[in-house]
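Reviewing the structure listed below.
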Amino acid sequence: MSIPILFLTLICFIAFVLIITKINKRLKSKEVILTKLRYVNGVLSFLSFAGNFYFWYLSFIILTSKSNSGYGIYILLTSGIATLFIIPAILGLQYGTNKNLVILILNLAGVLWIYYWLIQLLVFH
């Protein structure tokens with residue numbers, strides 16, 4: 001079941017990048033583009049922070065527990081990768097770098113990664 005969801009997520013990510021590049025080509029005013037990039041970057045950064053709270057809590061529970069289950073290592077790996085996406089989220093909230101398209105794509109990838117695994121952990125288990 002996870003492969004179709006991952007495939008659908010990848011298609012949505014590619015479509016989003018294509019839409020952003022098409023909007024960039026059509027619009028003449030760069031100020032309008034930068035305003036939209038700042039807004040989208042801010043929303044994606046907030047979603048990344050909000051999704052990471054669960055992974056921080058889960059990592060703390062796994063690291064402080066006495067049992068060494070095999071699934072804990074895999075969850076810590078997933079949680080560690082999700083925590084790395086805080087770096088572009090912080091950069092997406094700063095004023096000078098929030099209009100960068102690369103940071104926007106990294107924030108989108110982070111949000112997709114975080115919420116994909118949140119759905120897998122909370123709904124399917």
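Going by the structure tokens order, chains are called A, B, ..., each with residues numbered from 1, while ligands are numbered from 1 in the order shown.
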(message) Give me, as JSON, numbers by chain, all polymer residues having an atom no more than 12 Å from Trp56 in chain A, counting only C-alpha atoms and skipping those fewer than 5 positions away in the same chain.
(response) {"A": [49, 50, 51, 61, 62, 63, 75, 76, 78, 79, 80, 81, 82, 83, 84, 86, 114]}
(request) Determine the nearest neighbour of Phe85 in chain A from the options A:Asn41, A:Tyr54, A:Asn107, A:Leu118, counting only C-alpha atoms. (result) A:Asn107
(message) Please identify the alpha helix (DSSP H) residues within range 47-105 of chain A (assignment by DSSP from backbone atoms) and present them as a ChimeraX atom specification.
(response) /A:47-64,70-84,86-93,101-105
(message) Which residue is closest to Leu44 in chain A? Choose from A:Tyr95, A:Ala89, A:Leu101, A:Ile119 and count only C-alpha atoms.
(response)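 Checking each of A:Tyr95, A:Ala89, A:Leu101, A:Ile119 against Leu44 in chain A, counting only C-alpha atoms, the winner is A:Ala89.
Considering the residues A:Leu58, A:Ala109, A:Ile103, A:Leu77 and counting only C-alpha atoms, Gly42 in chain A has its shortest atom-to-atom contact with A:Ile103.
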(request) For CA of Lys99 in chain A and CA of Thr35 in chain A, determine how far apart the two atoms are, in Å to one decimal place. (result)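 Rounded to one decimal, the two atoms are 7.8 Å apart.
Our summary of the geometry notes that CA of Asn52 in chain A is positioned 17.5 Å from CA of Ile73 in chain A.
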(message) Between CA of Leu106 in chain A and CA of Leu121 in chain A, what is the distance in Å, rounded to a tenth?
(response)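 Those two atoms sit 22.3 Å apart.
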